[in-house]
$ cat protein-v8.csv   # CSV, C-alpha atoms and all ligand atoms
chain,number,residue,atom,x,y,z
A,1,MET,CA,0.0,0.0,0.0
A,2,PRO,CA,1.5,3.4,-1.0
A,3,ILE,CA,2.6,5.9,1.7
A,4,VAL,CA,1.2,9.4,1.4
A,5,LEU,CA,2.2,12.8,2.7
A,6,ALA,CA,-0.5,13.4,5.4
A,7,THR,CA,0.6,16.6,7.0
A,8,ILE,CA,3.2,19.3,6.4
A,9,GLU,CA,4.3,21.2,9.4
A,10,ARG,CA,7.3,23.1,7.9
A,11,ARG,CA,8.3,23.6,4.3
A,12,ILE,CA,10.5,25.8,2.0
A,13,GLY,CA,8.8,25.7,-1.4
A,14,ASP,CA,8.4,22.1,-2.4
A,15,ASP,CA,10.9,20.9,0.2
A,16,VAL,CA,9.1,19.5,3.2
A,17,LEU,CA,11.2,19.9,6.3
A,18,GLU,CA,8.8,18.5,8.8
A,19,GLY,CA,5.7,16.4,8.2
A,20,ILE,CA,4.1,13.1,8.6
A,21,LEU,CA,3.7,10.4,6.1
A,22,HIS,CA,1.2,7.6,6.6
A,23,CYS,CA,0.1,4.3,5.2
A,24,GLN,CA,-3.1,4.6,3.3
A,25,GLU,CA,-4.4,1.2,4.5
A,26,PRO,CA,-7.2,2.2,7.0
A,27,VAL,CA,-6.5,-0.6,9.5
A,28,CYS,CA,-2.7,0.3,9.4
A,29,ARG,CA,-2.3,4.1,9.3
A,30,GLN,CA,1.3,3.6,10.4
A,31,GLU,CA,2.9,7.1,10.7
A,32,TYR,CA,6.4,8.0,9.5
A,33,PRO,CA,8.0,11.3,10.5
A,34,ILE,CA,9.9,13.7,8.2
A,35,VAL,CA,12.5,15.5,10.3
A,36,ASP,CA,14.8,18.1,8.9
A,37,GLY,CA,13.7,17.1,5.4
A,38,ILE,CA,14.6,13.4,6.0
A,39,PRO,CA,11.7,10.9,5.8
A,40,ILE,CA,12.1,8.1,8.3
A,41,ILE,CA,10.5,5.1,6.6
A,42,VAL,CA,11.4,2.0,8.6
A,43,PRO,CA,9.2,-1.0,9.6
A,44,ASP,CA,9.3,-0.1,13.3
A,45,VAL,CA,9.4,3.7,13.8
A,46,ALA,CA,9.2,3.4,17.6
A,47,LYS,CA,12.3,1.1,17.7
A,48,TYR,CA,14.2,3.3,15.2
A,49,LEU,CA,13.5,6.4,17.3
A,50,GLY,CA,14.4,4.5,20.5
A,51,ASP,CA,17.8,3.6,18.9
A,52,PHE,CA,18.4,6.9,17.0
A,53,LEU,CA,16.5,9.6,19.0
A,54,TRP,CA,19.6,11.4,20.1
A,55,HIS,CA,20.8,11.6,16.4
A,56,VAL,CA,17.4,12.9,15.4
A,57,ASN,CA,17.4,15.5,18.2
A,58,ALA,CA,21.1,16.3,17.9
A,59,ARG,CA,21.9,20.0,17.4
A,60,ASP,CA,24.3,21.3,14.8
A,61,ASP,CA,24.4,24.9,15.8
A,62,LEU,CA,27.0,24.7,18.6
A,63,SER,CA,30.2,26.6,18.3
A,64,ALA,CA,33.3,24.4,17.7
A,65,PRO,CA,34.7,25.0,21.3
A,66,LEU,CA,31.4,23.9,22.9
A,67,GLU,CA,31.2,20.9,20.6
A,68,THR,CA,34.7,19.8,21.6
A,69,LEU,CA,33.9,20.3,25.3
A,70,LEU,CA,30.8,18.1,24.9
A,71,GLY,CA,33.0,15.5,23.2
A,72,ASP,CA,35.5,15.6,26.0
A,73,ALA,CA,32.8,15.2,28.6
A,74,ALA,CA,31.0,12.4,26.8
A,75,GLY,CA,34.3,10.7,26.4
A,76,PRO,CA,35.7,7.9,24.2
A,77,GLY,CA,33.2,5.3,23.2
A,78,SER,CA,30.2,7.4,23.9
A,79,ALA,CA,27.5,7.6,21.2
A,80,PHE,CA,28.5,11.2,20.6
A,81,ASP,CA,32.2,10.3,20.2
A,82,THR,CA,31.5,7.2,18.0
A,83,THR,CA,29.2,9.2,15.7
A,84,ARG,CA,31.6,12.1,15.2
A,85,PHE,CA,34.4,9.6,14.6
A,86,HIS,CA,32.5,7.8,11.9
A,87,ILE,CA,31.4,11.1,10.3
A,88,SER,CA,35.0,12.4,10.4
A,89,SER,CA,36.2,9.3,8.4
A,90,TYR,CA,33.4,9.2,5.9
A,91,VAL,CA,33.2,13.0,5.2
A,92,HIS,CA,37.0,13.0,4.7
A,93,ASP,CA,36.7,10.3,2.1
A,94,HIS,CA,33.5,11.6,0.4
A,95,TRP,CA,34.0,15.3,0.5
A,96,GLY,CA,37.6,16.0,1.6
A,97,GLU,CA,38.9,16.8,-1.9
A,98,PHE,CA,37.0,20.1,-1.7
A,99,ASP,CA,38.4,21.1,1.6
A,100,PRO,CA,41.0,23.8,0.9
A,101,ARG,CA,42.8,23.0,4.2
A,102,GLU,CA,43.3,19.3,3.3
A,103,ALA,CA,47.1,18.8,2.7
A,104,PRO,CA,48.3,16.4,0.0
A,105,SER,CA,48.3,12.8,1.4
A,106,ALA,CA,49.6,9.4,0.4
A,107,TYR,CA,45.9,8.4,0.9
A,108,PRO,CA,43.9,11.1,-0.8
A,109,SER,CA,40.2,11.3,-0.1
A,110,GLY,CA,37.8,10.1,-2.8
A,111,ALA,CA,38.5,6.3,-2.6
A,112,MET,CA,34.8,5.3,-2.5
A,113,GLY,CA,34.1,7.7,-5.4
A,114,ARG,CA,36.9,6.1,-7.5
A,115,CYS,CA,35.5,2.7,-6.6
A,116,LEU,CA,32.0,3.6,-7.6
A,117,SER,CA,33.1,5.2,-10.9
A,118,ALA,CA,35.1,2.0,-11.7
A,119,GLY,CA,32.0,-0.1,-10.8
A,120,LEU,CA,29.8,1.9,-13.1
A,121,ASP,CA,32.4,1.5,-15.9
A,122,LEU,CA,32.3,-2.3,-15.3
A,123,LEU,CA,28.5,-2.1,-16.0
A,124,GLY,CA,29.2,-0.5,-19.4
A,125,SER,CA,26.0,0.9,-20.7
A,126,ALA,CA,23.6,2.8,-18.4
A,127,GLY,CA,20.9,0.2,-19.0
A,128,PRO,CA,17.2,1.1,-18.8
A,129,ASP,CA,16.0,4.6,-17.8
A,130,GLY,CA,14.7,4.9,-14.3
A,131,PRO,CA,15.6,5.9,-10.7
A,132,THR,CA,18.8,5.0,-8.9
A,133,LEU,CA,19.1,3.7,-5.3
A,134,ASP,CA,22.2,4.3,-3.2
A,135,ILE,CA,22.1,1.8,-0.3
A,136,GLY,CA,24.2,2.9,2.7
A,137,CYS,CA,24.8,6.3,1.2
A,138,SER,CA,26.3,7.6,4.5
A,139,VAL,CA,27.3,11.3,4.0
A,140,GLY,CA,26.0,11.4,0.5
A,141,ARG,CA,28.8,11.8,-2.1
A,142,SER,CA,28.0,8.6,-3.9
A,143,SER,CA,24.4,9.7,-4.5
A,144,MET,CA,25.7,13.0,-6.0
A,145,THR,CA,28.2,11.0,-8.2
A,146,LEU,CA,25.3,8.8,-9.3
A,147,ALA,CA,23.2,11.8,-10.2
A,148,GLY,CA,26.1,12.8,-12.5
A,149,ARG,CA,26.2,9.4,-14.2
A,150,ARG,CA,22.5,8.6,-14.5
A,151,THR,CA,19.6,10.7,-15.7
A,152,GLY,CA,16.8,9.7,-13.3
A,153,LEU,CA,16.1,10.5,-9.6
A,154,VAL,CA,18.7,9.2,-7.1
A,155,LEU,CA,17.7,8.2,-3.6
A,156,GLY,CA,20.3,7.7,-1.0
A,157,ILE,CA,19.3,5.6,2.0
A,158,ASP,CA,21.0,4.9,5.3
A,159,LEU,CA,20.0,4.1,8.9
A,160,ASN,CA,22.4,6.6,10.4
A,161,PHE,CA,20.4,9.9,10.8
A,162,SER,CA,23.5,12.0,11.7
A,163,MET,CA,25.2,10.9,8.4
A,164,LEU,CA,22.1,11.6,6.4
A,165,ARG,CA,22.0,15.1,8.0
A,166,VAL,CA,25.5,15.8,6.6
A,167,ALA,CA,24.4,14.5,3.2
A,168,ARG,CA,21.3,16.6,3.1
A,169,ARG,CA,23.1,19.7,4.2
A,170,ALA,CA,25.6,19.3,1.3
A,171,LEU,CA,22.6,18.8,-1.0
A,172,THR,CA,20.6,21.7,0.1
A,173,THR,CA,23.3,24.3,1.0
A,174,GLY,CA,26.3,23.2,-1.0
A,175,GLU,CA,28.3,23.3,2.2
A,176,VAL,CA,29.9,20.6,4.3
A,177,VAL,CA,30.5,21.2,8.0
A,178,TYR,CA,32.2,18.5,10.2
A,179,ALA,CA,34.5,17.7,13.1
A,180,ARG,CA,37.7,16.3,11.5
A,181,ARG,CA,39.5,14.0,13.9
A,182,ARG,CA,43.1,15.0,14.6
A,183,ILE,CA,44.0,12.5,17.3
A,184,GLY,CA,42.1,10.9,20.3
A,185,LEU,CA,39.3,13.3,21.4
A,186,VAL,CA,40.8,16.2,19.5
A,187,TYR,CA,38.7,17.3,16.5
A,188,ASP,CA,38.9,20.4,14.3
A,189,ARG,CA,35.8,22.1,12.8
A,190,ARG,CA,36.0,22.2,9.0
A,191,ARG,CA,33.5,24.1,6.8
A,192,PHE,CA,33.8,24.3,3.0
A,193,ALA,CA,31.8,24.5,-0.2
A,194,VAL,CA,31.1,21.5,-2.3
A,195,PRO,CA,29.7,21.4,-5.9
A,196,VAL,CA,26.1,20.0,-6.2
A,197,ASP,CA,25.1,19.8,-9.8
A,198,ASN,CA,21.5,18.6,-9.9
A,199,PRO,CA,20.1,18.9,-6.4
A,200,GLU,CA,16.5,18.4,-7.6
A,201,GLN,CA,17.6,14.9,-8.8
A,202,VAL,CA,18.7,13.7,-5.3
A,203,ASP,CA,17.0,12.9,-2.0
A,204,PHE,CA,18.0,11.2,1.2
A,205,TRP,CA,15.8,9.0,3.4
A,206,ALA,CA,16.3,7.0,6.6
A,207,CYS,CA,15.5,3.4,5.6
A,208,ASP,CA,16.7,0.0,6.6
A,209,ALA,CA,18.5,-1.9,3.8
A,210,MET,CA,17.0,-5.1,5.3
A,211,ALA,CA,13.4,-3.8,4.8
A,212,MET,CA,13.4,-1.4,1.9
A,213,PRO,CA,10.0,0.3,1.3
A,214,PHE,CA,10.0,0.0,-2.5
A,215,ALA,CA,8.1,-1.8,-5.2
A,216,ALA,CA,9.8,-4.7,-7.1
A,217,LYS,CA,11.6,-3.8,-10.3
A,218,HIS,CA,11.5,-0.1,-9.5
A,219,PHE,CA,15.2,0.9,-9.9
A,220,ALA,CA,17.4,1.0,-13.0
A,221,THR,CA,20.6,1.3,-11.0
A,222,VAL,CA,21.5,0.3,-7.5
A,223,ALA,CA,24.8,1.0,-5.6
A,224,ALA,CA,25.7,-0.7,-2.4
A,225,MET,CA,29.2,0.5,-1.6
A,226,ASN,CA,30.8,-1.3,1.4
A,227,VAL,CA,27.5,-2.2,2.9
A,228,LEU,CA,27.3,-6.0,2.4
A,229,ASP,CA,29.4,-6.7,5.4
A,230,CYS,CA,27.5,-4.2,7.6
A,231,VAL,CA,24.1,-5.8,7.5
A,232,PRO,CA,22.6,-8.8,9.5
A,233,ASP,CA,21.7,-10.7,6.3
A,234,PRO,CA,24.1,-10.1,3.3
A,235,ARG,CA,22.4,-12.8,1.1
A,236,GLY,CA,19.1,-11.2,1.9
A,237,LEU,CA,20.4,-7.8,0.8
A,238,LEU,CA,21.6,-9.3,-2.5
A,239,MET,CA,18.2,-10.9,-3.1
A,240,ALA,CA,16.5,-7.6,-2.2
A,241,ILE,CA,18.7,-5.8,-4.8
A,242,GLY,CA,17.9,-8.4,-7.4
A,243,ALA,CA,14.2,-7.9,-6.7
A,244,LEU,CA,14.4,-4.1,-6.9
A,245,LEU,CA,16.2,-4.0,-10.2
A,246,MET,CA,14.3,-3.6,-13.5
A,247,ALA,CA,15.0,-6.1,-16.2
A,248,ASP,CA,18.6,-5.5,-17.3
A,249,GLY,CA,19.1,-2.9,-14.5
A,250,GLY,CA,22.6,-2.8,-13.1
A,251,ALA,CA,24.1,-2.7,-9.6
A,252,VAL,CA,27.6,-1.8,-8.3
A,253,LEU,CA,28.6,-3.7,-5.2
A,254,ALA,CA,31.8,-3.3,-3.3
A,255,THR,CA,32.9,-5.1,-0.1
A,256,PRO,CA,36.1,-5.7,1.8
A,257,TYR,CA,34.4,-8.7,3.6
A,258,ASP,CA,35.3,-7.0,6.9
A,259,TRP,CA,33.0,-9.2,8.9
A,260,SER,CA,32.2,-8.5,12.5
A,261,THR,CA,29.7,-10.0,14.8
A,262,GLN,CA,28.4,-6.5,15.7
A,263,ALA,CA,26.9,-6.3,12.3
A,264,THR,CA,26.5,-9.9,11.1
A,265,LEU,CA,26.5,-13.3,12.9
A,266,PRO,CA,29.1,-15.7,11.4
A,267,LEU,CA,26.5,-17.9,9.8
A,268,GLY,CA,25.5,-14.9,7.7
A,269,TRP,CA,29.0,-14.1,6.5
A,270,ILE,CA,29.9,-14.8,2.9
A,271,GLY,CA,33.2,-16.5,3.4
A,272,GLY,CA,35.3,-15.9,6.5
A,273,HIS,CA,34.4,-19.2,8.1
A,274,SER,CA,34.3,-22.9,7.4
A,275,GLN,CA,38.0,-23.1,6.7
A,276,ARG,CA,38.0,-26.8,6.3
A,277,GLY,CA,35.0,-26.7,3.9
A,278,ALA,CA,35.1,-26.9,0.1
A,279,MET,CA,35.9,-23.2,-0.3
A,280,GLU,CA,38.4,-23.1,2.5
A,281,GLY,CA,36.8,-20.0,4.0
A,282,ALA,CA,37.3,-17.8,0.9
A,283,ALA,CA,34.7,-15.2,0.3
A,284,GLU,CA,35.0,-14.4,-3.4
A,285,PRO,CA,34.0,-17.8,-4.8
A,286,GLN,CA,31.0,-17.9,-2.5
A,287,LEU,CA,29.8,-14.5,-3.7
A,288,ARG,CA,30.4,-15.4,-7.4
A,289,ALA,CA,28.3,-18.6,-6.8
A,290,LEU,CA,25.5,-16.4,-5.5
A,291,LEU,CA,25.8,-14.3,-8.7
A,292,ALA,CA,26.2,-17.2,-11.2
A,293,ALA,CA,23.7,-16.5,-14.0
A,294,GLU,CA,22.8,-20.1,-14.6
A,295,ALA,CA,21.7,-20.7,-11.1
A,296,SER,CA,21.4,-17.3,-9.6
A,297,GLN,CA,19.9,-17.4,-6.1
A,298,THR,CA,19.8,-13.6,-6.0
A,299,GLY,CA,18.3,-12.6,-9.4
A,300,LEU,CA,21.7,-11.1,-10.2
A,301,ARG,CA,24.5,-12.0,-12.6
A,302,LEU,CA,28.1,-10.9,-12.4
A,303,VAL,CA,29.2,-8.9,-15.5
A,304,GLY,CA,32.6,-7.6,-14.3
A,305,GLU,CA,34.8,-7.4,-11.2
A,306,VAL,CA,38.0,-6.1,-9.7
A,307,THR,CA,39.1,-8.3,-6.8
A,308,ASP,CA,41.4,-5.8,-5.1
A,309,PHE,CA,40.1,-2.2,-5.5
A,310,PRO,CA,41.8,0.0,-2.8
A,311,TRP,CA,39.4,1.7,-0.4
A,312,HIS,CA,41.0,3.6,2.5
A,313,VAL,CA,39.4,5.2,5.5
A,314,ARG,CA,41.1,7.9,7.5
A,315,LEU,CA,40.9,7.4,11.2
A,316,HIS,CA,43.1,10.3,12.4
A,317,ASP,CA,46.2,12.3,11.5
A,318,ARG,CA,48.5,9.2,11.9
A,319,SER,CA,46.2,6.4,10.9
A,320,THR,CA,44.4,5.3,7.7
A,321,VAL,CA,42.9,1.8,7.2
A,322,VAL,CA,43.6,0.5,3.7
A,323,TYR,CA,41.1,-2.1,2.5
A,324,SER,CA,41.3,-4.2,-0.6
A,325,GLY,CA,37.7,-4.1,-1.8
A,326,HIS,CA,36.0,-6.7,-4.1
A,327,LEU,CA,34.2,-4.5,-6.6
A,328,MET,CA,31.5,-6.0,-8.8
A,329,GLY,CA,29.2,-4.9,-11.6
A,330,VAL,CA,26.1,-7.0,-11.7
A,331,ARG,CA,22.9,-7.0,-13.7
A,332,ALA,CA,19.4,-8.3,-13.1
A,333,VAL,CA,19.0,-11.8,-14.5
B,1,LIG,C1,31.0,1.0,5.8
B,1,LIG,S1,29.9,2.3,5.6
B,1,LIG,C2,30.0,2.7,3.9
B,1,LIG,C3,29.5,4.0,3.6
B,1,LIG,C4,29.6,4.4,2.1
B,1,LIG,N1,28.7,3.6,1.3
B,1,LIG,C5,31.0,4.4,1.6
B,1,LIG,O1,31.4,3.4,1.0
B,1,LIG,O2,31.7,5.3,2.0
B,1,LIG,C6,28.3,1.4,5.7
B,1,LIG,C7,27.1,2.3,5.7
B,1,LIG,O3,26.0,1.5,5.7
B,1,LIG,C8,25.0,2.1,6.6
B,1,LIG,N2,24.2,0.9,7.1
B,1,LIG,C9,24.5,-0.1,7.9
B,1,LIG,N3,23.5,-0.9,8.0
B,1,LIG,C10,22.5,-0.4,7.3
B,1,LIG,C11,21.1,-0.8,7.1
B,1,LIG,N4,20.6,-1.9,7.6
B,1,LIG,N5,20.4,0.0,6.3
B,1,LIG,C12,20.8,1.1,5.8
B,1,LIG,N6,22.1,1.5,5.9
B,1,LIG,C13,22.9,0.8,6.7
B,1,LIG,C14,25.9,2.7,7.7
B,1,LIG,O4,25.2,3.6,8.5
B,1,LIG,C15,27.0,3.3,6.9
B,1,LIG,O5,26.7,4.6,6.4
$ encode --input "protein-v8.csv" --output "structure tokens"
Amino acid sequence: MPIVLATIERRIGDDVLEGILHCQEPVCRQEYPIVDGIPIIVPDVAKYLGDFLWHVNARDDLSAPLETLLGDAAGPGSAFDTTRFHISSYVHDHWGEFDPREAPSAYPSGAMGRCLSAGLDLLGSAGPDGPTLDIGCSVGRSSMTLAGRRTGLVLGIDLNFSMLRVARRALTTGEVVYARRRIGLVYDRRRFAVPVDNPEQVDFWACDAMAMPFAAKHFATVAAMNVLDCVPDPRGLLMAIGALLMADGGAVLATPYDWSTQATLPLGWIGGHSQRGAMEGAAEPQLRALLAAEASQTGLRLVGEVTDFPWHVRLHDRSTVVYSGHLMGVRAV
């Protein structure tokens, strides 16, 4: 049943900043909030708000000194500290190339973007016309890149509301503001302009990749950059992507198979276990088997791959993690 915009509480032109969506089914009438222009469309809104309420209510108007004081007080490992740490790493990679204060580095930002572009090249032709879905879009650069490479609407989805807020700010203001980690609890406020070519083509929603609220065969292109090893059911995500793609639609997948039990229980891992089994614990052959056209369990077929695409994530001034990502272009069977 389609979801409709029931009330608008705050808007700027066509941009709804606050409102309520609801399910049209009379016995359901499930309500979904729109906060700061970001619709929250997840199966269990109450649970989402229970888990993410402080992200949703977080303020972004504090001066840099006050923000660092809060960070010191909250301390290492707090939700505040973990969030700004993740945002520091992902903004650096997604948007750092536009930061005039960013010094040349052996690990320049833009690794995910290079990986995504190479993945789109693996797909070759753009395929059918239609919208694009960017799963696990984080702070939004991939969605903007996709808008430059595809003609239709691009929707970036992620569960992390704080990251989506950064993405939306870049989209609507052409400005990125973030706390860039120097070392430990020491963060520097960075603020810089970023180019946004077709803002009307892009939107960001809070959705769960494990329960995506879209009709089957709706998307011409899907990207899932470094997400497969972050969800509870990686095979389920592949099947969902297969179901969402139009006939001959294409998807770009990248993963460093960086499995952790925080995200995925070992039985859900693709590789990384069963060392004495037929595949000796290797991940790549298992994923290829899931994408084998003749017996595809996922509705996807592999059309091209790079087994060792570099993806690096800056942690602080003296630390960058270098991953070797498995990059794949796949098409709907
Ligand atoms: C490793 S990061 C990769 C971010 C970005 N795609 C990139 O490559 O730079 C994984 C992203 O997936 C998001 N994520 C994790 N589980 C998710 C889920 N179930 N639904 C939607 N997004 C999810 C995280 O919040 C995070 O932004």
$ residues_near_ligand --input "protein-v8.csv" --ligand "ligand LIG 1 (chain B)" --cutoff "6 Å" --atoms "all atoms listed in the file" --output "ChimeraX atom specification"
/A:90,112,136-138,158-160,207-210,225-227,230-231
$ atom_distance --input "protein-v8.csv" --atom1 "atom CA of Leu245 of chain A" --atom2 "atom CA of Asp134 of chain A"
12.4 Å
$ residues_around --input "protein-v8.csv" --residues "segment 185-187 of chain A" --least-positions-apart "6" --cutoff "7 Å" --atoms "all atoms listed in the file" --output "ChimeraX atom specification"
/A:68,71-72,179
$ closest_residue --input "protein-v8.csv" --among "A:Ile38, A:Ala283, A:Leu238, A:Val91" --to "Ile157 of chain A" --atoms "all atoms listed in the file"
A:Ile38
$ atom_distance --input "protein-v8.csv" --atom1 "atom CA of Gly304 of chain A" --atom2 "atom CA of Gly329 of chain A"
5.1 Å
$ residues_around --input "protein-v8.csv" --residues "Val4 of chain A" --least-positions-apart "4" --cutoff "10 Å" --atoms "all atoms listed in the file" --output "JSON, numbers by chain"
{"A": [20, 21, 22, 23, 24, 31, 32]}
$ atom_distance --input "protein-v8.csv" --atom1 "atom CA of Ala292 of chain A" --atom2 "atom CA of Val306 of chain A"
16.3 Å
$ closest_atom_pairs --input "protein-v8.csv" --of "segment 74-183 of chain A" --to "segment 307-325 of chain A" --cutoff "12 Å" --atoms "only C-alpha atoms" --output "CSV"
residue,atom,partner,partner_atom,distance
A:Thr82,CA,A:Leu315,CA,11.6
A:Arg84,CA,A:Leu315,CA,11.2
A:Phe85,CA,A:Leu315,CA,7.7
A:His86,CA,A:Leu315,CA,8.4
A:Ile87,CA,A:Leu315,CA,10.2
A:Ser88,CA,A:Leu315,CA,7.8
A:Ser89,CA,A:Arg314,CA,5.2
A:Tyr90,CA,A:Val313,CA,7.2
A:Val91,CA,A:Arg314,CA,9.7
A:His92,CA,A:Arg314,CA,7.1
A:Asp93,CA,A:Val313,CA,6.7
A:His94,CA,A:Val313,CA,10.1
A:Gly96,CA,A:Arg314,CA,10.6
A:Glu102,CA,A:Asp317,CA,11.2
A:Ala103,CA,A:Asp317,CA,11.0
A:Ser105,CA,A:Asp317,CA,10.3
A:Ala106,CA,A:Thr320,CA,9.9
A:Tyr107,CA,A:His312,CA,7.0
A:Pro108,CA,A:His312,CA,8.7
A:Ser109,CA,A:His312,CA,8.2
A:Gly110,CA,A:Trp311,CA,8.9
A:Ala111,CA,A:Trp311,CA,5.2
A:Met112,CA,A:Trp311,CA,6.2
A:Gly113,CA,A:Trp311,CA,9.4
A:Arg114,CA,A:Trp311,CA,8.7
A:Cys115,CA,A:Phe309,CA,6.8
A:Leu116,CA,A:Phe309,CA,10.2
A:Ser117,CA,A:Phe309,CA,11.5
A:Ala118,CA,A:Phe309,CA,9.0
A:Gly119,CA,A:Phe309,CA,9.9
A:Ala179,CA,A:His316,CA,11.4
A:Arg180,CA,A:His316,CA,8.1
A:Arg181,CA,A:His316,CA,5.4
A:Arg182,CA,A:Asp317,CA,5.1
A:Ile183,CA,A:His316,CA,5.4
$ closest_residue --input "protein-v8.csv" --among "A:Ala215, A:Leu122, A:Gly127, A:Leu267" --to "Leu302 of chain A" --atoms "all atoms listed in the file"
A:Leu122
$ residues_around --input "protein-v8.csv" --residues "Pro100 of chain A" --least-positions-apart "6" --cutoff "10 Å" --atoms "only C-alpha atoms" --output "PyMOL selection string"
chain A and resi 190-193
$ residues_near_point --input "protein-v8.csv" --point "(15.9, -7.0, -9.5)" --cutoff "7 Å" --atoms "only C-alpha atoms" --output "VMD selection string"
chain A and resid 216 to 217 241 to 247 299 332
$ closest_residue --input "protein-v8.csv" --among "A:Ala206, A:Leu70, A:Met328, A:Leu171" --to "Pro33 of chain A" --atoms "all atoms listed in the file"
A:Ala206
$ residues_near_point --input "protein-v8.csv" --point "(19.5, 7.5, -12.8)" --cutoff "9 Å" --atoms "only C-alpha atoms" --output "PyMOL selection string"
chain A and resi 126+129-133+146-154+201+219-221
$ residues_around --input "protein-v8.csv" --residues "Arg11 of chain A" --least-positions-apart "6" --cutoff "10 Å" --atoms "all atoms listed in the file" --output "PyMOL selection string"
chain A and resi 17-19+36-37
$ write_last_selection --input "protein-v8.csv" --atoms "C-alpha atoms" --output "CSV table (one decimal), keeping the file's coordinate frame"
chain,number,residue,atom,x,y,z
A,17,LEU,CA,11.2,19.9,6.3
A,18,GLU,CA,8.8,18.5,8.8
A,19,GLY,CA,5.7,16.4,8.2
A,36,ASP,CA,14.8,18.1,8.9
A,37,GLY,CA,13.7,17.1,5.4
$ closest_residue --input "protein-v8.csv" --among "A:Val56, A:Leu228, A:Met239, A:Leu66" --to "Ser296 of chain A" --atoms "only C-alpha atoms"
A:Met239
$ closest_residue --input "protein-v8.csv" --among "A:Pro76, A:Pro39, A:Pro2, A:Pro104" --to "Gly184 of chain A" --atoms "all atoms listed in the file"
A:Pro76
$ closest_residue --input "protein-v8.csv" --among "A:Glu67, A:Glu175, A:Glu97, A:Asp233" --to "Asp188 of chain A" --atoms "only C-alpha atoms"
A:Glu67
